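Visitor: Below you'll find the structure I mean.
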Amino acid sequence: MQMLEDFKAKARKKKGTIVLPEGNEPRMIHAARRLLDEEICKVIMVGKKSDIAELAKKENVDISGIEISEPGDPSLFEDFANEYYELRKHKGISLEDAKKMIVDPLFWGAMLVKKDMAHASLAGAMNATGKVLKAALHIIGTAPGTKTVSSFFIMVIPEFQGKKDYPIVFADCAVVPQPDPEQLASIATASATSCEKLLGIDPKVAMLSFSTMGSAKHDDADKVLKALGIAKKSKPDLLIDGEIQADAALIDKIGAKKAPGSEVAGQANVLVFPDLDAGNIAYKLVQRLAKAEAVGPVIQGLAKPANDLSRGCSVDDIVNVSAISILLA
């Protein structure tokens with residue numbers, strides 16, 4: 001897909017470094033080799049050097065050029081443990097607890113990003129989303145002014161209104177089950193930023209609902225309206241509108257009829273769903289019925305990129321999301 005090739009080309013120019021904390025995973029070691037060979041970014045793998053060397057031999061992968069960081073490395077351990085303690089002592093963690101936790105590969109990898117030894121981390125081939133996000137939240141934390149960590153997909157539609165490989169951002173489809181108005185507003189503004197950074201286009205954000213501009217009265221529609229107000233206040237220059245139905249957000253004629261005067265109706269390229277049910281169902285339907293490419297999920301709202309993969313991910317997925325992570329750094 002040309003869009004993914006463009007992401008890789010842009011990532012090459014940034015000359016970033018990605019941390020892969022799951023050093024004992026065969027797919028990760030193959031992806032690390034490709035990332036280096038294709039000059040997308042530098043790679044740090046987390047794990048015991050002997051274990052990674054043994055795996056590389058078994059998988060017939062050359063690991064020259066790949067940096068390996070061992071959890072508990074004496075040159076970093078005390079600094080990392082103390083940093084983690086300072087970050088979490090308000091939650092009652094002791095220094096001894098911090099020392100035990102920091103040698104977990106996910107936490108060690110997150111600390112490499114926190115300490116600016118790498119630009120982003122990527123895991124999930126072996127670990128559940130909850131564990132990946134816990135390490136990121138505890139150590140990297142949320143971006144300034146952001147309280148909500150969420151996700152987005154770039155849905156690449158094969159053909160839409162005469163345009164080939166048409167990209168649309170869908171959020172949130174993977175993280176926040178029932179966002180309140182503040183969380184929904186945060187998802188909207190973060191998704192707009194992600195759209196601009198990755199796709200290089202001006203975001204036009206539609207806050208989706210079963211109602212368009214007051215056509216139905218319900219608490220769920222009111223939640224979207226409240227979120228819209230919060231988002232507009234935090235980003236006054238952002239093109240964002242709602243509450244709006246999906247057809248009015250995407251199709252010019254329907255948008256003009258249902259939401260006359262809206263600068264977003266019929267032109268939306270960022271769709272913000274009212275809850276995880278709607279977002280997750282929508283992306284899977286579009287993926288399967290429209291044969292769209294679903295690129296993601298990509299985590300947003302963190303101070304620095306730390307992305308999560310499906311445990312069924314391919315080597316291609318790891319390479320592609322690594323490039324995206326570097327671009328978002």
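A note on labels: chains of the structure tokens are A, B, ... as shown, every chain counts residues from 1, and ligands are counted from 1 in their shown order.
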Determine, counting only C-alpha atoms, which protein, DNA and RNA residues have an atom within 12 Å of an atom of Glu54 (chain A); residues of the same chain fewer than 5 positions away are not included. Present the result as number ranges by chain.
Guide: A: 23-26, 29, 47-49, 59-63
Visitor: Would you save the residues of that selection, restricted to N, CA and C atoms, as an mmCIF file, in the first residue's frame?
Guide:
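What follows is the written file again30.cif:
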data_model
loop_
_atom_site.group_PDB
_atom_site.id
_atom_site.type_symbol
_atom_site.label_atom_id
_atom_site.label_comp_id
_atom_site.auth_asym_id
_atom_site.auth_seq_id
_atom_site.Cartn_x
_atom_site.Cartn_y
_atom_site.Cartn_z
ATOM 1 N N GLY A 23 11.956 -9.221 23.177
ATOM 2 C CA GLY A 23 13.132 -9.716 22.478
ATOM 3 C C GLY A 23 13.160 -11.205 22.233
ATOM 4 N N ASN A 24 12.298 -11.959 22.937
ATOM 5 C CA ASN A 24 12.281 -13.414 22.772
ATOM 6 C C ASN A 24 11.238 -13.882 21.763
ATOM 7 N N GLU A 25 10.625 -12.938 21.055
ATOM 8 C CA GLU A 25 9.567 -13.268 20.103
ATOM 9 C C GLU A 25 10.155 -13.344 18.689
ATOM 10 N N PRO A 26 10.010 -14.483 17.984
ATOM 11 C CA PRO A 26 10.596 -14.625 16.641
ATOM 12 C C PRO A 26 10.164 -13.542 15.650
ATOM 13 N N ILE A 29 12.203 -10.366 16.107
ATOM 14 C CA ILE A 29 13.596 -10.371 15.654
ATOM 15 C C ILE A 29 13.669 -10.260 14.129
ATOM 16 N N GLY A 47 16.031 -7.782 26.315
ATOM 17 C CA GLY A 47 16.116 -9.196 26.675
ATOM 18 C C GLY A 47 17.549 -9.576 26.983
ATOM 19 N N LYS A 48 17.746 -10.829 27.372
ATOM 20 C CA LYS A 48 19.095 -11.315 27.628
ATOM 21 C C LYS A 48 19.804 -11.512 26.299
ATOM 22 N N LYS A 49 21.036 -11.029 26.241
ATOM 23 C CA LYS A 49 21.795 -11.126 24.989
ATOM 24 C C LYS A 49 21.946 -12.571 24.536
ATOM 25 N N GLU A 59 16.371 -18.794 14.188
ATOM 26 C CA GLU A 59 15.552 -18.189 13.133
ATOM 27 C C GLU A 59 16.378 -17.784 11.911
ATOM 28 N N ASN A 60 17.690 -18.011 11.987
ATOM 29 C CA ASN A 60 18.593 -17.649 10.889
ATOM 30 C C ASN A 60 18.504 -16.160 10.557
ATOM 31 N N VAL A 61 18.577 -15.346 11.616
ATOM 32 C CA VAL A 61 18.495 -13.890 11.473
ATOM 33 C C VAL A 61 19.813 -13.274 11.939
ATOM 34 N N ASP A 62 20.374 -12.417 11.129
ATOM 35 C CA ASP A 62 21.585 -11.680 11.482
ATOM 36 C C ASP A 62 21.208 -10.522 12.399
ATOM 37 N N ILE A 63 21.730 -10.505 13.612
ATOM 38 C CA ILE A 63 21.362 -9.434 14.555
ATOM 39 C C ILE A 63 22.443 -8.351 14.663
#
Visitor: Identify, on the basis of only C-alpha atoms, every residue whose closest approach to Glu293 (chain A) does not exceed 8 Å; exclude the query and any residue fewer than 3 positions from it along the same chain; express the result as a ChimeraX atom specification.
Guide: /A:154-157,287
Visitor: Return the single residue from A:Pro158, A:Ile230, A:Val19, A:Phe77 that is closest to Leu289 (chain A), with distances computed using only C-alpha atoms.
Guide: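 Among the listed residues, A:Pro158 lies closest to Leu289 (chain A).
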Visitor: Determine which residues of region 125-197 of chain A DSSP labels as helix (DSSP H, G or I) from the backbone of this structure, then write them out as JSON, numbers by chain.
Guide: {"A": [129, 130, 131, 132, 133, 134, 135, 136, 137, 138, 139, 140, 181, 182, 183, 184, 185, 186, 187, 188, 189, 190, 191, 192, 193, 194, 195, 196, 197]}
Visitor: Could you build a table of the residues in region 126-156 of chain A lying no more than 10 Å from region 183-192 of chain A, giving for each the nearest pair of atoms and their separation in Å rounded to one decimal place, using only C-alpha atoms, ordered by chain and ascending residue number, as a tab-separated table?
Guide:
residue	atom	partner	partner_atom	distance
A:Ala143	CA	A:Ala190	CA	9.9
A:Gly145	CA	A:Ser186	CA	9.2
A:Thr146	CA	A:Ser186	CA	6.7
A:Lys147	CA	A:Ser186	CA	7.5
A:Thr148	CA	A:Gln183	CA	5.8
A:Val149	CA	A:Ile187	CA	7.8
A:Ser150	CA	A:Ile187	CA	6.3
A:Ser151	CA	A:Ile187	CA	7.9
A:Phe152	CA	A:Ser191	CA	6.9
A:Phe153	CA	A:Ser191	CA	9.6
Visitor: Given the selection you just returned, output its residues as a file containing N, CA and C atoms, formatted as a PDB file, in the first residue's frame.
Guide:
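Okay, again.pdb is ready:
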ATOM      1  N   ALA A 143       0.336  12.866  27.614  1.00  0.00           N
ATOM      2  CA  ALA A 143       0.834  14.118  27.042  1.00  0.00           C
ATOM      3  C   ALA A 143       0.312  15.300  27.848  1.00  0.00           C
ATOM      4  N   GLY A 145      -1.691  18.250  29.149  1.00  0.00           N
ATOM      5  CA  GLY A 145      -3.057  18.663  28.845  1.00  0.00           C
ATOM      6  C   GLY A 145      -3.981  17.530  28.448  1.00  0.00           C
ATOM      7  N   THR A 146      -3.472  16.304  28.449  1.00  0.00           N
ATOM      8  CA  THR A 146      -4.274  15.138  28.055  1.00  0.00           C
ATOM      9  C   THR A 146      -4.478  14.216  29.244  1.00  0.00           C
ATOM     10  N   LYS A 147      -5.708  13.844  29.473  1.00  0.00           N
ATOM     11  CA  LYS A 147      -6.028  12.924  30.566  1.00  0.00           C
ATOM     12  C   LYS A 147      -6.408  11.537  30.064  1.00  0.00           C
ATOM     13  N   THR A 148      -6.675  11.442  28.766  1.00  0.00           N
ATOM     14  CA  THR A 148      -7.205  10.198  28.219  1.00  0.00           C
ATOM     15  C   THR A 148      -6.272   9.597  27.182  1.00  0.00           C
ATOM     16  N   VAL A 149      -5.910   8.339  27.390  1.00  0.00           N
ATOM     17  CA  VAL A 149      -5.184   7.583  26.381  1.00  0.00           C
ATOM     18  C   VAL A 149      -6.217   6.807  25.568  1.00  0.00           C
ATOM     19  N   SER A 150      -6.125   6.933  24.264  1.00  0.00           N
ATOM     20  CA  SER A 150      -7.107   6.285  23.390  1.00  0.00           C
ATOM     21  C   SER A 150      -6.376   5.689  22.195  1.00  0.00           C
ATOM     22  N   SER A 151      -7.138   5.345  21.163  1.00  0.00           N
ATOM     23  CA  SER A 151      -6.521   4.750  19.982  1.00  0.00           C
ATOM     24  C   SER A 151      -7.242   5.204  18.726  1.00  0.00           C
ATOM     25  N   PHE A 152      -6.597   4.975  17.602  1.00  0.00           N
ATOM     26  CA  PHE A 152      -7.261   5.220  16.327  1.00  0.00           C
ATOM     27  C   PHE A 152      -6.786   4.203  15.305  1.00  0.00           C
ATOM     28  N   PHE A 153      -7.601   4.003  14.292  1.00  0.00           N
ATOM     29  CA  PHE A 153      -7.232   3.253  13.106  1.00  0.00           C
ATOM     30  C   PHE A 153      -7.231   4.217  11.930  1.00  0.00           C
TER      31      PHE A 153
END
Visitor: Which neighbours of Gly214 (chain A) fall inside 12 Å, counting only C-alpha atoms, when residues of the same chain fewer than 2 positions from it are skipped, and could you give them as a VMD selection string?
Guide: chain A and resid 209 to 212 216 to 222 224 to 225 242 to 245 258 to 259
Visitor: Give me, as JSON lines, each residue of region 29-143 of chain A that comes within 12 Å of region 302-312 of chain A, together with its shortest interatomic pair and the distance in Å at one decimal, counting only C-alpha atoms, with rows ordered by chain and rising residue number.
Guide:
{"residue": "A:Leu106", "atom": "CA", "partner": "A:Ala306", "partner_atom": "CA", "distance": 10.1}
{"residue": "A:Phe107", "atom": "CA", "partner": "A:Ala306", "partner_atom": "CA", "distance": 11.1}
{"residue": "A:Gly109", "atom": "CA", "partner": "A:Ala306", "partner_atom": "CA", "distance": 9.4}
{"residue": "A:Ala110", "atom": "CA", "partner": "A:Ala306", "partner_atom": "CA", "distance": 7.5}
{"residue": "A:Met111", "atom": "CA", "partner": "A:Ala306", "partner_atom": "CA", "distance": 10.9}
{"residue": "A:Leu112", "atom": "CA", "partner": "A:Ala306", "partner_atom": "CA", "distance": 11.1}
{"residue": "A:Val113", "atom": "CA", "partner": "A:Lys304", "partner_atom": "CA", "distance": 7.4}
{"residue": "A:Lys114", "atom": "CA", "partner": "A:Lys304", "partner_atom": "CA", "distance": 7.7}
{"residue": "A:Lys115", "atom": "CA", "partner": "A:Lys304", "partner_atom": "CA", "distance": 10.8}
{"residue": "A:Asp116", "atom": "CA", "partner": "A:Lys304", "partner_atom": "CA", "distance": 9.6}
{"residue": "A:Ala118", "atom": "CA", "partner": "A:Lys304", "partner_atom": "CA", "distance": 9.9}
{"residue": "A:His119", "atom": "CA", "partner": "A:Lys304", "partner_atom": "CA", "distance": 7.3}
{"residue": "A:Ala120", "atom": "CA", "partner": "A:Pro305", "partner_atom": "CA", "distance": 4.8}
{"residue": "A:Ser121", "atom": "CA", "partner": "A:Ala306", "partner_atom": "CA", "distance": 4.6}
{"residue": "A:Leu122", "atom": "CA", "partner": "A:Asn307", "partner_atom": "CA", "distance": 4.8}
{"residue": "A:Ala123", "atom": "CA", "partner": "A:Asp308", "partner_atom": "CA", "distance": 5.3}
{"residue": "A:Gly124", "atom": "CA", "partner": "A:Leu309", "partner_atom": "CA", "distance": 4.4}
{"residue": "A:Ala125", "atom": "CA", "partner": "A:Arg311", "partner_atom": "CA", "distance": 4.2}
{"residue": "A:Met126", "atom": "CA", "partner": "A:Arg311", "partner_atom": "CA", "distance": 5.9}
{"residue": "A:Asn127", "atom": "CA", "partner": "A:Arg311", "partner_atom": "CA", "distance": 7.1}
{"residue": "A:Ala128", "atom": "CA", "partner": "A:Arg311", "partner_atom": "CA", "distance": 7.5}
{"residue": "A:Thr129", "atom": "CA", "partner": "A:Asp308", "partner_atom": "CA", "distance": 6.3}
{"residue": "A:Gly130", "atom": "CA", "partner": "A:Asp308", "partner_atom": "CA", "distance": 9.4}
{"residue": "A:Lys131", "atom": "CA", "partner": "A:Asp308", "partner_atom": "CA", "distance": 9.7}
{"residue": "A:Val132", "atom": "CA", "partner": "A:Asp308", "partner_atom": "CA", "distance": 6.5}
{"residue": "A:Leu133", "atom": "CA", "partner": "A:Asp308", "partner_atom": "CA", "distance": 7.6}
{"residue": "A:Lys134", "atom": "CA", "partner": "A:Ala306", "partner_atom": "CA", "distance": 10.6}
{"residue": "A:Ala135", "atom": "CA", "partner": "A:Ala306", "partner_atom": "CA", "distance": 9.1}
{"residue": "A:Ala136", "atom": "CA", "partner": "A:Ala306", "partner_atom": "CA", "distance": 6.3}
{"residue": "A:Leu137", "atom": "CA", "partner": "A:Leu302", "partner_atom": "CA", "distance": 7.4}
{"residue": "A:His138", "atom": "CA", "partner": "A:Leu302", "partner_atom": "CA", "distance": 10.6}
{"residue": "A:Ile139", "atom": "CA", "partner": "A:Ala303", "partner_atom": "CA", "distance": 9.8}
{"residue": "A:Ile140", "atom": "CA", "partner": "A:Ala303", "partner_atom": "CA", "distance": 6.1}
{"residue": "A:Gly141", "atom": "CA", "partner": "A:Leu302", "partner_atom": "CA", "distance": 5.8}
{"residue": "A:Thr142", "atom": "CA", "partner": "A:Leu302", "partner_atom": "CA", "distance": 4.0}
{"residue": "A:Ala143", "atom": "CA", "partner": "A:Ala303", "partner_atom": "CA", "distance": 3.7}
Visitor: Name the closest residue to Ala31 (chain A) among the candidates A:Asp316, A:Tyr166, A:Lys8, A:Leu285; distances are taken between atoms, counting only C-alpha atoms.
Guide: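 Closest residue, counting only C-alpha atoms: A:Asp316.
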Visitor: List the spatial neighbours of region 268-270 of chain A as JSON, numbers by chain - criterion: any atom at most 7 Å away, only C-alpha atoms, same-chain residues fewer than 5 positions off excluded.
Guide: {"A": [168, 169, 170, 192, 203, 204, 205, 206, 249, 250]}
Visitor: Could you check how far CA of Ala292 (chain A) sits from CA of Lys10 (chain A), in Å to one decimal?
Guide: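 That distance, rounded to one decimal, is 22.9 Å.
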Visitor: Looking only at the backbone, which of the residues in region 123-290 of chain A does DSSP tag as strand (DSSP E or B), as JSON, numbers by chain?
Guide: {"A": [123, 142, 150, 151, 152, 153, 154, 155, 156, 157, 158, 159, 160, 163, 164, 165, 166, 167, 168, 169, 170, 171, 204, 205, 206, 207, 208, 239, 240, 241, 242, 243, 244, 270, 271, 272]}
Visitor: Considering only C-alpha atoms, can you say which of A:Ala246, A:Ile44, A:Ile102, A:Val264 comes closest to Arg88 (chain A)?
Guide: A:Ile102
